[in-house]
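Structure data (compact mmCIF, C-alpha atoms) from work06.txt:
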# COMPACT_ATOMS: atom_id res chain seq x y z
CA MET P 127 133.74 126.28 108.99
CA LYS P 128 130.82 128.47 107.85
CA ILE P 129 127.79 126.85 106.24
CA ASN P 130 125.46 128.98 104.14
CA PRO P 131 121.73 128.19 104.36
CA GLU P 132 120.73 126.38 101.17
CA ARG P 133 118.09 123.99 99.88
CA LEU P 134 119.89 120.83 98.78
CA GLU P 135 119.06 118.70 95.74
CA GLY P 136 120.50 115.58 94.16
CA THR P 137 121.37 111.95 94.80
CA VAL P 138 123.58 110.48 97.51
CA TYR P 139 125.03 106.98 97.15
CA LEU P 140 125.34 105.84 100.72
CA GLN P 141 128.58 104.74 102.33
CA PRO P 142 128.77 101.25 103.88
CA SER P 143 127.22 100.64 107.27
CA LYS P 144 129.90 101.14 109.92
CA SER P 145 128.04 98.71 112.18
CA TYR P 146 128.11 95.95 109.59
CA LEU P 147 131.64 96.74 108.47
CA HIS P 148 133.18 96.45 111.96
CA ARG P 149 131.62 93.01 112.40
CA ILE P 150 132.44 91.78 108.91
CA ILE P 151 136.09 92.79 109.31
CA ILE P 152 136.39 91.02 112.67
CA MET P 153 134.74 87.81 111.48
CA SER P 154 136.89 87.84 108.32
CA ALA P 155 139.96 88.21 110.52
CA LEU P 156 138.95 85.11 112.49
CA SER P 157 138.27 82.98 109.43
CA LYS P 158 141.86 81.82 108.74
CA LYS P 159 141.52 82.62 105.04
CA THR P 160 141.69 85.68 102.79
CA VAL P 161 138.33 87.44 102.46
CA ARG P 162 137.56 90.33 100.13
CA ILE P 163 135.15 92.93 101.46
CA ASP P 164 133.50 95.17 98.88
CA ASN P 165 131.90 98.58 99.44
CA VAL P 166 134.34 99.87 102.04
CA ASN P 167 135.22 103.34 103.23
CA TYR P 168 137.96 104.12 105.67
CA SER P 169 136.48 106.14 108.50
CA GLU P 170 138.63 106.71 111.56
CA ASP P 171 136.68 104.03 113.45
CA ILE P 172 137.18 101.42 110.73
CA LYS P 173 140.89 102.26 110.53
CA ALA P 174 141.06 101.79 114.30
CA THR P 175 139.61 98.28 114.04
CA LEU P 176 141.97 97.32 111.21
CA GLY P 177 145.01 98.65 113.04
CA ALA P 178 144.03 97.00 116.32
CA LEU P 179 143.53 93.57 114.70
CA ASN P 180 146.95 93.91 113.11
CA THR P 181 148.59 94.92 116.41
CA MET P 182 146.98 91.90 118.08
CA GLY P 183 148.52 89.66 115.41
CA ILE P 184 145.07 88.43 114.35
CA ALA P 185 144.94 89.84 110.83
CA LYS P 186 146.74 91.79 108.16
CA TYR P 187 144.98 93.77 105.50
CA GLU P 188 145.38 95.34 102.09
CA ARG P 189 143.43 98.51 101.37
CA ASN P 190 142.06 99.35 97.94
CA LYS P 191 139.82 102.23 96.94
CA SER P 192 136.49 100.52 97.66
CA SER P 193 137.48 97.01 98.70
CA LEU P 194 139.56 95.41 101.41
CA LEU P 195 141.47 92.14 101.66
CA ILE P 196 141.65 90.59 105.14
CA SER P 197 144.18 87.77 105.67
CA PRO P 198 145.38 85.80 108.72
CA GLY P 199 147.90 87.64 110.88
CA ASP P 200 151.31 86.54 112.10
CA GLY P 201 150.18 85.83 115.69
CA LYS P 202 152.61 88.39 117.14
CA ILE P 203 151.43 91.14 119.50
CA LYS P 204 153.12 94.32 118.33
CA GLY P 205 152.51 96.63 121.28
CA GLU P 206 149.64 98.54 122.85
CA ILE P 207 146.35 98.19 121.00
CA ASP P 208 145.21 101.68 119.99
CA CYS P 209 141.43 101.82 119.53
CA GLY P 210 141.34 105.50 118.57
CA GLU P 211 137.99 106.93 119.68
CA SER P 212 135.98 103.88 118.64
CA GLY P 213 133.82 102.30 121.31
CA SER P 214 132.96 99.42 118.98
CA THR P 215 136.64 98.66 118.39
CA LEU P 216 137.47 98.64 122.09
CA ARG P 217 134.50 96.62 123.32
CA PHE P 218 134.56 94.10 120.48
CA LEU P 219 138.28 93.48 120.74
CA ILE P 220 138.43 93.26 124.54
CA ALA P 221 136.15 90.22 124.25
CA LEU P 222 138.28 88.78 121.46
CA GLY P 223 141.43 89.39 123.49
CA LEU P 224 139.94 87.34 126.33
CA THR P 225 140.15 84.23 124.10
CA MET P 226 143.93 84.56 123.59
CA ASP P 227 145.36 83.78 127.05
CA ARG P 228 147.93 86.54 126.54
CA GLU P 229 148.41 89.87 128.29
CA LEU P 230 147.10 92.72 126.16
CA VAL P 231 147.08 96.47 126.77
CA PHE P 232 144.35 98.60 125.18
CA THR P 233 144.43 102.36 124.88
CA GLY P 234 142.39 105.08 123.19
CA HIS P 235 141.85 108.79 122.69
CA GLY P 236 139.26 111.46 123.41
CA ARG P 237 136.65 110.24 125.88
CA LEU P 238 136.99 106.59 124.88
CA MET P 239 138.75 105.27 127.98
CA GLU P 240 136.27 107.15 130.20
CA ARG P 241 133.36 105.16 128.82
CA PRO P 242 132.13 102.41 131.16
CA GLN P 243 133.63 98.91 130.88
CA ASN P 244 132.12 97.51 134.08
CA VAL P 245 130.26 94.76 132.21
CA TYR P 246 133.57 93.23 131.16
CA SER P 247 135.34 93.98 134.44
CA GLU P 248 132.64 92.10 136.36
CA LEU P 249 132.75 89.20 133.89
CA CYS P 250 136.53 88.96 134.26
CA ALA P 251 136.31 89.10 138.05
CA SER P 252 133.84 86.19 138.05
CA LEU P 253 136.16 84.13 135.84
CA GLY P 254 139.40 85.01 137.60
CA PHE P 255 140.75 86.90 134.57
CA LEU P 256 142.98 89.97 134.65
CA PHE P 257 141.14 93.24 134.00
CA LYS P 258 142.91 96.35 135.26
CA GLN P 259 142.46 99.92 134.08
CA GLN P 260 144.75 102.78 135.04
CA GLY P 261 144.00 106.06 133.29
CA ASP P 262 143.93 105.51 129.56
CA LYS P 263 145.49 102.03 129.72
CA LEU P 264 143.50 98.83 130.12
CA LYS P 265 145.30 95.55 130.75
CA ILE P 266 143.55 92.19 130.27
CA ARG P 267 144.33 88.50 130.17
CA GLY P 268 141.99 85.54 130.00
CA LYS P 269 141.08 82.37 128.17
CA LEU P 270 137.39 82.09 127.44
CA GLU P 271 136.01 78.63 126.86
CA ALA P 272 132.72 77.43 125.41
CA GLY P 273 130.01 77.58 128.05
CA GLU P 274 127.13 79.57 129.46
CA TYR P 275 127.56 83.27 130.26
CA SER P 276 125.38 86.12 131.50
CA LEU P 277 125.72 89.84 130.77
CA PRO P 278 123.43 92.78 131.58
CA GLY P 279 121.76 94.29 128.54
CA ASN P 280 121.03 97.75 129.94
CA VAL P 281 124.50 99.30 129.53
CA SER P 282 125.46 98.82 125.87
CA SER P 283 124.74 96.14 123.28
CA GLN P 284 128.42 96.38 122.24
CA PHE P 285 129.34 94.10 125.15
CA ILE P 286 126.81 91.50 123.99
CA SER P 287 128.02 91.67 120.39
CA GLY P 288 131.68 91.52 121.39
CA LEU P 289 131.21 88.39 123.49
CA LEU P 290 129.13 86.67 120.80
CA MET P 291 131.85 87.21 118.19
CA ALA P 292 134.50 85.98 120.61
CA LEU P 293 132.50 82.84 121.46
CA SER P 294 132.00 82.10 117.76
CA LYS P 295 135.77 81.60 117.53
CA ILE P 296 135.73 78.84 120.15
CA ASP P 297 134.89 75.21 119.33
CA GLY P 298 131.69 74.03 120.97
CA LYS P 299 128.32 75.53 121.82
CA SER P 300 127.97 78.57 124.05
CA SER P 301 124.99 80.47 125.41
CA LEU P 302 124.73 84.10 126.46
CA ASN P 303 121.92 85.07 128.81
CA ILE P 304 120.97 88.75 128.70
CA THR P 305 119.68 90.11 131.99
CA GLY P 306 117.53 93.20 132.25
CA LYS P 307 116.27 95.33 129.36
CA LEU P 308 118.45 95.04 126.26
CA GLU P 309 119.46 98.48 124.95
CA SER P 310 119.80 98.92 121.17
CA SER P 311 118.71 95.36 120.43
CA GLY P 312 118.99 96.02 116.71
CA TYR P 313 122.78 95.96 116.94
CA VAL P 314 122.63 92.43 118.38
CA ASP P 315 120.40 91.50 115.42
CA ILE P 316 123.14 92.82 113.10
CA THR P 317 125.76 90.76 114.94
CA CYS P 318 123.67 87.59 114.62
CA ASP P 319 123.11 88.32 110.92
CA VAL P 320 126.86 88.64 110.29
CA LEU P 321 127.62 85.50 112.32
CA LYS P 322 125.18 83.52 110.18
CA THR P 323 126.84 84.89 107.03
CA PHE P 324 130.09 83.41 108.35
CA GLY P 325 128.54 79.98 108.88
CA ILE P 326 128.00 80.26 112.63
CA TYR P 327 125.00 78.48 114.13
CA VAL P 328 122.93 81.12 115.95
CA ASP P 329 119.78 80.62 117.99
CA ARG P 330 118.32 83.96 119.08
CA ALA P 331 115.61 84.25 121.69
CA GLU P 332 114.51 87.45 123.42
CA ASN P 333 116.94 87.19 126.33
CA LYS P 334 119.26 84.40 125.23
CA VAL P 335 121.57 83.85 122.28
CA SER P 336 123.31 80.54 121.57
CA VAL P 337 126.20 80.14 119.13
CA LYS P 338 128.29 77.22 117.99
CA GLY P 339 131.89 77.82 116.92
CA GLY P 340 133.01 76.93 113.42
CA ILE P 341 133.58 79.84 111.05
CA SER P 342 133.01 79.28 107.34
CA ALA P 343 133.73 82.55 105.59
CA PRO P 344 132.63 83.53 102.08
CA ASP P 345 135.37 84.47 99.63
CA THR P 346 133.74 87.85 99.02
CA ILE P 347 131.22 89.82 101.02
CA ARG P 348 129.64 93.23 100.44
CA ALA P 349 128.81 95.65 103.24
CA GLN P 350 125.33 97.17 102.95
CA GLY P 351 124.65 100.91 102.94
CA ASP P 352 124.51 102.90 106.18
CA TRP P 353 121.08 103.97 107.45
CA SER P 354 122.66 106.00 110.27
CA HIS P 355 124.43 108.12 107.68
CA ALA P 356 121.33 108.22 105.47
CA ALA P 357 119.40 109.82 108.35
CA ASN P 358 121.43 113.02 108.00
CA PHE P 359 120.29 113.56 104.42
CA ALA P 360 116.77 112.30 105.16
CA CYS P 361 116.39 115.00 107.82
CA MET P 362 117.82 117.63 105.45
CA ALA P 363 115.11 116.70 102.93
CA ALA P 364 112.17 116.01 105.25
CA LYS P 365 110.62 119.46 104.61
CA ASN P 366 112.44 120.62 101.53
CA GLY P 367 112.44 117.46 99.41
CA GLY P 368 114.76 117.13 96.44
CA ILE P 369 117.12 114.43 97.76
CA THR P 370 117.30 110.79 96.67
CA LEU P 371 119.19 108.21 98.71
CA LYS P 372 120.62 105.17 96.91
CA GLY P 373 122.59 102.07 97.89
CA LEU P 374 120.40 101.10 100.85
CA ASP P 375 118.75 97.83 101.80
CA VAL P 376 115.15 98.81 102.54
CA ARG P 377 114.72 95.53 104.47
CA SER P 378 117.89 96.03 106.51
CA LEU P 379 118.12 94.94 110.14
CA GLN P 380 119.66 98.32 110.97
CA LYS P 381 117.29 99.97 113.45
CA ASP P 382 118.15 103.40 112.06
CA ARG P 383 116.07 102.41 109.03
CA GLN P 384 113.23 103.59 111.29
CA VAL P 385 114.12 107.16 110.25
CA ILE P 386 111.82 106.64 107.26
CA ASP P 387 108.91 105.60 109.50
CA VAL P 388 109.52 108.50 111.88
CA LEU P 389 109.64 111.06 109.09
CA ARG P 390 106.52 109.65 107.44
CA THR P 391 104.68 109.92 110.75
CA MET P 392 105.80 113.55 110.86
CA GLY P 393 104.22 114.03 107.43
CA ALA P 394 107.23 113.71 105.12
CA ASP P 395 106.43 112.53 101.58
CA VAL P 396 108.87 109.64 101.09
CA VAL P 397 108.86 107.36 98.05
CA THR P 398 110.49 103.99 98.82
CA LEU P 399 112.76 102.74 96.04
CA GLN P 400 114.21 99.28 95.50
CA ASP P 401 117.56 100.47 96.85
CA GLY P 402 116.74 103.62 98.76
CA ALA P 403 114.25 106.47 99.10
CA GLU P 404 113.24 109.73 97.43
CA PHE P 405 112.07 112.75 99.44
CA LEU P 406 109.50 115.20 98.09
CA GLN P 407 108.67 118.65 99.45
CA SER P 408 106.34 118.27 102.43
CA GLU P 409 104.53 119.96 105.28
CA ILE P 410 105.70 118.21 108.44
CA LYS P 411 104.75 118.37 112.09
CA GLY P 412 106.62 117.35 115.20
CA MET P 413 106.16 114.26 117.35
CA ASP P 414 107.48 112.70 120.53
CA ILE P 415 110.26 110.15 119.89
CA ASP P 416 111.67 107.22 121.85
CA GLY P 417 115.45 107.14 121.43
CA ARG P 418 116.10 103.75 123.06
CA ASP P 419 116.76 101.80 119.85
CA ILE P 420 117.95 104.64 117.58
CA PRO P 421 120.51 106.60 119.63
CA ASP P 422 122.80 107.48 116.71
CA ILE P 423 120.15 109.42 114.80
CA ILE P 424 118.66 111.29 117.76
CA PRO P 425 120.84 114.43 117.25
CA VAL P 426 119.61 115.00 113.68
CA LEU P 427 116.00 114.19 114.58
CA CYS P 428 116.21 116.73 117.41
CA VAL P 429 117.48 119.37 115.01
CA LEU P 430 114.49 118.67 112.74
CA LEU P 431 112.04 118.81 115.66
CA GLY P 432 113.58 122.18 116.50
CA VAL P 433 111.86 123.69 113.44
CA CYS P 434 108.49 122.02 114.06
CA PRO P 435 106.38 124.47 116.13
CA GLY P 436 105.04 122.85 119.30
CA ARG P 437 106.56 121.11 122.32
CA TRP P 438 108.24 117.75 121.71
CA ARG P 439 109.89 115.22 124.00
CA VAL P 440 112.64 112.79 123.04
CA LYS P 441 112.90 110.16 125.78
CA ASN P 442 115.29 107.34 126.76
CA VAL P 443 118.42 109.23 125.73
CA SER P 444 120.58 108.99 128.87
CA ARG P 445 123.13 106.74 127.11
CA LEU P 446 123.86 109.60 124.70
CA ARG P 447 125.65 111.30 127.59
CA ILE P 448 128.55 108.81 127.39
CA LYS P 449 129.30 109.01 123.68
CA GLU P 450 132.08 111.04 122.03
CA SER P 451 130.45 114.00 123.76
CA ASP P 452 127.53 114.37 126.12
CA ARG P 453 125.18 114.39 123.14
CA VAL P 454 122.16 115.36 125.21
CA GLU P 455 123.77 118.63 126.28
CA ALA P 456 125.60 119.09 122.97
CA VAL P 457 122.47 118.96 120.82
CA CYS P 458 120.59 121.25 123.23
CA ARG P 459 123.37 123.82 123.03
CA LEU P 460 123.47 123.52 119.24
CA ILE P 461 119.72 124.15 118.94
CA ASN P 462 119.76 127.02 121.46
CA ASN P 463 122.78 128.73 119.88
CA LEU P 464 121.00 128.72 116.52
CA GLY P 465 117.86 130.45 117.82
CA GLY P 466 115.90 127.35 118.78
CA LYS P 467 114.70 126.22 122.20
CA ALA P 468 115.77 122.99 123.87
CA GLU P 469 116.39 121.78 127.41
CA SER P 470 117.25 118.46 128.97
CA THR P 471 116.47 116.19 131.87
CA GLU P 472 118.64 113.22 132.80
CA ASP P 473 116.92 110.96 130.28
CA SER P 474 115.10 113.25 127.85
CA ILE P 475 115.33 116.28 125.59
CA ILE P 476 112.46 118.80 125.53
CA ILE P 477 112.19 120.92 122.38
CA ASP P 478 109.95 123.93 121.77
CA GLY P 479 109.95 124.20 118.01
CA VAL P 480 110.41 127.47 116.12
CA LYS P 481 109.67 128.27 112.47
CA HIS P 482 113.34 128.36 111.47
CA TYR P 483 116.83 128.75 112.87
CA THR P 484 118.49 132.15 112.81
CA GLY P 485 122.10 130.98 112.42
CA GLY P 486 125.01 131.46 114.75
CA LYS P 487 128.15 129.86 116.14
CA VAL P 488 128.09 126.31 117.47
CA SER P 489 130.57 123.74 118.71
CA SER P 490 130.88 120.24 117.30
CA PHE P 491 132.28 119.12 120.67
CA ASN P 492 134.67 117.09 118.48
CA ASP P 493 131.71 114.76 117.86
CA HIS P 494 130.92 113.60 114.34
CA ARG P 495 127.17 113.25 115.02
CA ILE P 496 126.92 116.81 116.36
CA ALA P 497 128.88 118.25 113.42
CA MET P 498 126.53 116.55 110.96
CA ALA P 499 123.53 117.77 112.97
CA GLY P 500 124.86 121.29 112.41
CA ALA P 501 124.84 120.66 108.66
CA VAL P 502 121.21 119.50 108.89
CA ALA P 503 120.32 122.71 110.76
CA SER P 504 121.73 124.80 107.90
CA CYS P 505 118.92 123.53 105.65
CA TYR P 506 116.38 125.18 107.99
CA SER P 507 118.27 128.35 108.86
CA LYS P 508 117.90 131.96 107.73
CA GLY P 509 121.49 132.78 108.63
CA ILE P 510 124.99 131.35 108.33
CA ILE P 511 125.97 128.59 110.73
CA GLU P 512 129.56 128.56 111.93
CA ILE P 513 130.77 125.29 113.38
CA ASP P 514 134.20 124.41 114.76
CA ASN P 515 136.18 121.29 113.84
CA GLY P 516 133.90 120.08 111.08
CA GLY P 517 136.63 117.63 110.12
CA CYS P 518 135.65 115.41 113.08
CA VAL P 519 133.06 113.79 110.78
CA ALA P 520 135.94 111.60 109.51
CA LYS P 521 135.34 109.38 112.55
CA SER P 522 132.39 107.80 110.76
CA ALA P 523 131.93 109.59 107.42
CA PRO P 524 135.11 110.90 105.77
CA ASP P 525 133.21 111.95 102.62
CA PHE P 526 130.35 113.74 104.36
CA TRP P 527 131.28 117.29 103.41
CA LYS P 528 131.97 116.25 99.80
CA GLU P 529 128.50 114.71 99.67
CA PHE P 530 127.03 117.85 101.23
CA VAL P 531 128.69 120.10 98.64
CA SER P 532 127.65 117.79 95.79
CA LEU P 533 124.01 118.46 96.76
CA GLY P 534 124.54 122.22 96.56
CA GLY P 535 125.73 122.89 100.07
CA LYS P 536 127.99 125.93 100.36
CA ILE P 537 130.88 126.02 102.81
CA THR P 538 133.19 128.98 103.33
CA GLU P 539 136.39 129.19 105.34
CA GLU P 540 136.57 125.48 104.67
CA GLU P 541 138.81 123.39 106.89
CA ASP P 542 140.97 120.54 105.66
CA VAL P 543 138.20 117.93 105.55
Rewrite the structure of this file - the entire thing - as structure tokens.
Amino acid sequence: MKINPERLEGTVYLQPSKSYLHRIIIMSALSKKTVRIDNVNYSEDIKATLGALNTMGIAKYERNKSSLLISPGDGKIKGEIDCGESGSTLRFLIALGLTMDRELVFTGHGRLMERPQNVYSELCASLGFLFKQQGDKLKIRGKLEAGEYSLPGNVSSQFISGLLMALSKIDGKSSLNITGKLESSGYVDITCDVLKTFGIYVDRAENKVSVKGGISAPDTIRAQGDWSHAANFACMAAKNGGITLKGLDVRSLQKDRQVIDVLRTMGADVVTLQDGAEFLQSEIKGMDIDGRDIPDIIPVLCVLLGVCPGRWRVKNVSRLRIKESDRVEAVCRLINNLGGKAESTEDSIIIDGVKHYTGGKVSSFNDHRIAMAGAVASCYSKGIIEIDNGGCVAKSAPDFWKEFVSLGGKITEEEDV
């Protein structure tokens, strides 16, 4: 895929938040009634969660263009539970599987089964549950009961969220103590928000969350717009302006909403709207960034820093090394291959900004976030950017390239995306 350098203009109506949608689907599946979810798109990750819930016998579903009906399943396990490449699917549904007292086998693709699961393996060992991984197969069996549990918070918040949703299914009150520094705490906030929407009692303190089982689902629920996805277009427009983002909750609990604050600090002229933001042409400067709570938008912010002259440090990014790719190395190679300057340490990215990118060939590393970062770079490039496997964006954003083209982006040698 070749992307011509262009200034983009127009309006993007944002897709639903993948973070919210995963959780809403799972809680709807546990509700023992039919729930309609509005504002849905079918990324590969969301399809993985739907398919896995069906294989587990927990739910069946009916897909429409922009809505989804979730109904109780038949209770029959239909085989191995394929989680695709979705870390959220795997980690959320392992916890749910540990409430079923049945042997389940999980599998996945890409780097998914290489990603650490030690938080759950140690929990299962302490409870006497089965947890055995061999290659790309993970076998579990357990029967969680209401009670008090402890998990470390410094690996991934997905473990915390998964266990909270599982405990909400169980009658009685449970508490989850979080030890150590909680990474990506905003995702736990999202989980608590969804649990409350489904009638679950939630008491959230800094290092402890209590829930009381008893799901009361709404008949219809709407997934809010995705700030992680919005960050791609926000970074495209930070200097150039001309893009309006719609369909967003400006008070959202999504931490990636911080992209607006970061870009304003860099000097971007951003007008906040009732349901989004408008970007005007601006002179921006670089800044140092802490990636601890906003890991998903670090690749596109790094690409933007790459065209802000000066030396900039993005810290607390070590967890990006265990995503769909090693995103620390992937984004450095992307910037360097396009005429920028970036290097890494174990936990940081150091960028020496240039005036503009020169173009060149880059790899997506089969990683949706890196492919979209390449599209952002094209807005600040003097030459054509050639990127392999642009279709990998379907993991989170199947309509990304259509949105890009609708704003005036020009793609040649287009792949089947």
Extract, using only C-alpha atoms, all DNA, RNA and protein residues at most 12 Å from range 481-486 of chain P, discarding same-chain residues fewer than 3 positions from it, and format them as a PyMOL selection string. chain P and resi 127-131+365+410-412+429-436+459-467+478+489+500-514
Residues within 10 Å of (123.3, 112.1, 127.8), file coordinates, counting all atoms listed in the file: what are they? Give the list as an MDAnalysis selection string. chainID P and resid 442:449 451:457 470:475
Spatial neighbours of range 192-201 of chain P, 9 Å, all atoms listed in the file, chain gap at least 6 places, as number ranges by chain: P: 151, 154-168, 179-180, 182-186, 348
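Of the residues under consideration (P:Ile496, P:Ile266, P:Leu256, P:Ala221), P:Ile266 shows the shortest atom-to-atom contact distance to Thr233 in chain P when counting only C-alpha atoms.
Comparing the minimum interatomic distances between Gly306 in chain P and each of P:Pro524, P:Gly339, P:Gly534, P:Pro278, counting all atoms listed in the file, we find that P:Pro278 sits nearest.
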Quote the spacing between CA of Leu270 in chain P and CA of Ile316 in chain P in Å to one decimal place.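 Computed distance, CA of Leu270 in chain P to CA of Ile316 in chain P, equals 22.9 Å.
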Tell me, as a PyMOL selection string, which residues lie within 12 Å of Ser214 in chain P, counting all atoms listed in the file; anything in the same chain fewer than 4 positions away does not count. chain P and resi 144-149+152+170-175+178+209-210+218-221+234+238+241+243+282-288+313+317+449+522
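Take CA of Gly213 in chain P and CA of Lys487 in chain P: the distance between them is 28.6 Å.
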Please list, as a compact mmCIF listing (two decimals) with C-alpha atoms, in the frame of the given file, the residues that have an atom at most 8 Å away from (139.8, 83.2, 126.0) in the coordinates of this file, counting all atoms listed in the file.
# COMPACT_ATOMS: atom_id res chain seq x y z
CA LEU P 222 138.28 88.78 121.46
CA GLY P 223 141.43 89.39 123.49
CA LEU P 224 139.94 87.34 126.33
CA THR P 225 140.15 84.23 124.10
CA MET P 226 143.93 84.56 123.59
CA ASP P 227 145.36 83.78 127.05
CA GLY P 268 141.99 85.54 130.00
CA LYS P 269 141.08 82.37 128.17
CA LEU P 270 137.39 82.09 127.44
CA GLU P 271 136.01 78.63 126.86
Would you compute, for all listed atoms of range 475-484 of chain P, the axis-aligned bounding box grown by 3 Å on each side, and then report its centre and edge lengths in Å rounded to one decimal, as lines of an AutoDock Vina configuration file?
center_x = 114.1
center_y = 124.2
center_z = 118.5
size_x = 14.8
size_y = 21.9
size_z = 20.1
Distance criterion (all atoms listed in the file): nearest to Asn358 in chain P out of P:Lys191, P:Lys307, P:Arg228, P:His494: P:His494
All residues 6 Å or closer to Phe255 in chain P, all atoms listed in the file, same chain fewer than 2 positions away omitted, as JSON, numbers by chain: {"P": [250, 253, 267, 268]}
Since the input is missing atoms for range 371-384 of chain P, could you rebuild it with N, CA and C atoms and give the result as a PDB file, in the coordinates of the input?
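What follows is the written file result_16.pdb:
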ATOM      1  N   LEU P 371     118.170 109.036  98.066  1.00  0.00           N
ATOM      2  CA  LEU P 371     119.190 108.210  98.710  1.00  0.00           C
ATOM      3  C   LEU P 371     119.246 106.858  98.005  1.00  0.00           C
ATOM      4  N   LYS P 372     120.439 106.423  97.642  1.00  0.00           N
ATOM      5  CA  LYS P 372     120.620 105.170  96.910  1.00  0.00           C
ATOM      6  C   LYS P 372     121.649 104.299  97.632  1.00  0.00           C
ATOM      7  N   GLY P 373     121.609 102.997  97.319  1.00  0.00           N
ATOM      8  CA  GLY P 373     122.590 102.070  97.890  1.00  0.00           C
ATOM      9  C   GLY P 373     122.197 101.535  99.248  1.00  0.00           C
ATOM     10  N   LEU P 374     120.893 101.557  99.560  1.00  0.00           N
ATOM     11  CA  LEU P 374     120.400 101.100 100.850  1.00  0.00           C
ATOM     12  C   LEU P 374     119.585  99.825 100.707  1.00  0.00           C
ATOM     13  N   ASP P 375     119.618  98.994 101.724  1.00  0.00           N
ATOM     14  CA  ASP P 375     118.750  97.830 101.800  1.00  0.00           C
ATOM     15  C   ASP P 375     117.510  98.243 102.568  1.00  0.00           C
ATOM     16  N   VAL P 376     116.366  98.328 101.884  1.00  0.00           N
ATOM     17  CA  VAL P 376     115.150  98.810 102.540  1.00  0.00           C
ATOM     18  C   VAL P 376     114.583  97.774 103.511  1.00  0.00           C
ATOM     19  N   ARG P 377     115.129  96.564 103.510  1.00  0.00           N
ATOM     20  CA  ARG P 377     114.720  95.530 104.470  1.00  0.00           C
ATOM     21  C   ARG P 377     115.810  95.285 105.519  1.00  0.00           C
ATOM     22  N   SER P 378     116.751  96.193 105.618  1.00  0.00           N
ATOM     23  CA  SER P 378     117.890  96.030 106.510  1.00  0.00           C
ATOM     24  C   SER P 378     117.474  95.822 107.956  1.00  0.00           C
ATOM     25  N   LEU P 379     118.320  95.098 108.700  1.00  0.00           N
ATOM     26  CA  LEU P 379     118.120  94.940 110.140  1.00  0.00           C
ATOM     27  C   LEU P 379     118.584  96.158 110.931  1.00  0.00           C
ATOM     28  N   GLN P 380     119.217  97.121 110.271  1.00  0.00           N
ATOM     29  CA  GLN P 380     119.660  98.320 110.970  1.00  0.00           C
ATOM     30  C   GLN P 380     118.446  99.079 111.521  1.00  0.00           C
ATOM     31  N   LYS P 381     118.421  99.286 112.833  1.00  0.00           N
ATOM     32  CA  LYS P 381     117.290  99.970 113.450  1.00  0.00           C
ATOM     33  C   LYS P 381     117.128 101.402 112.938  1.00  0.00           C
ATOM     34  N   ASP P 382     118.251 102.021 112.517  1.00  0.00           N
ATOM     35  CA  ASP P 382     118.150 103.400 112.060  1.00  0.00           C
ATOM     36  C   ASP P 382     117.367 103.529 110.757  1.00  0.00           C
ATOM     37  N   ARG P 383     117.007 102.396 110.160  1.00  0.00           N
ATOM     38  CA  ARG P 383     116.070 102.410 109.030  1.00  0.00           C
ATOM     39  C   ARG P 383     114.729 103.006 109.459  1.00  0.00           C
ATOM     40  N   GLN P 384     114.471 103.014 110.770  1.00  0.00           N
ATOM     41  CA  GLN P 384     113.230 103.590 111.290  1.00  0.00           C
ATOM     42  C   GLN P 384     113.114 105.085 110.997  1.00  0.00           C
TER      43      GLN P 384
END
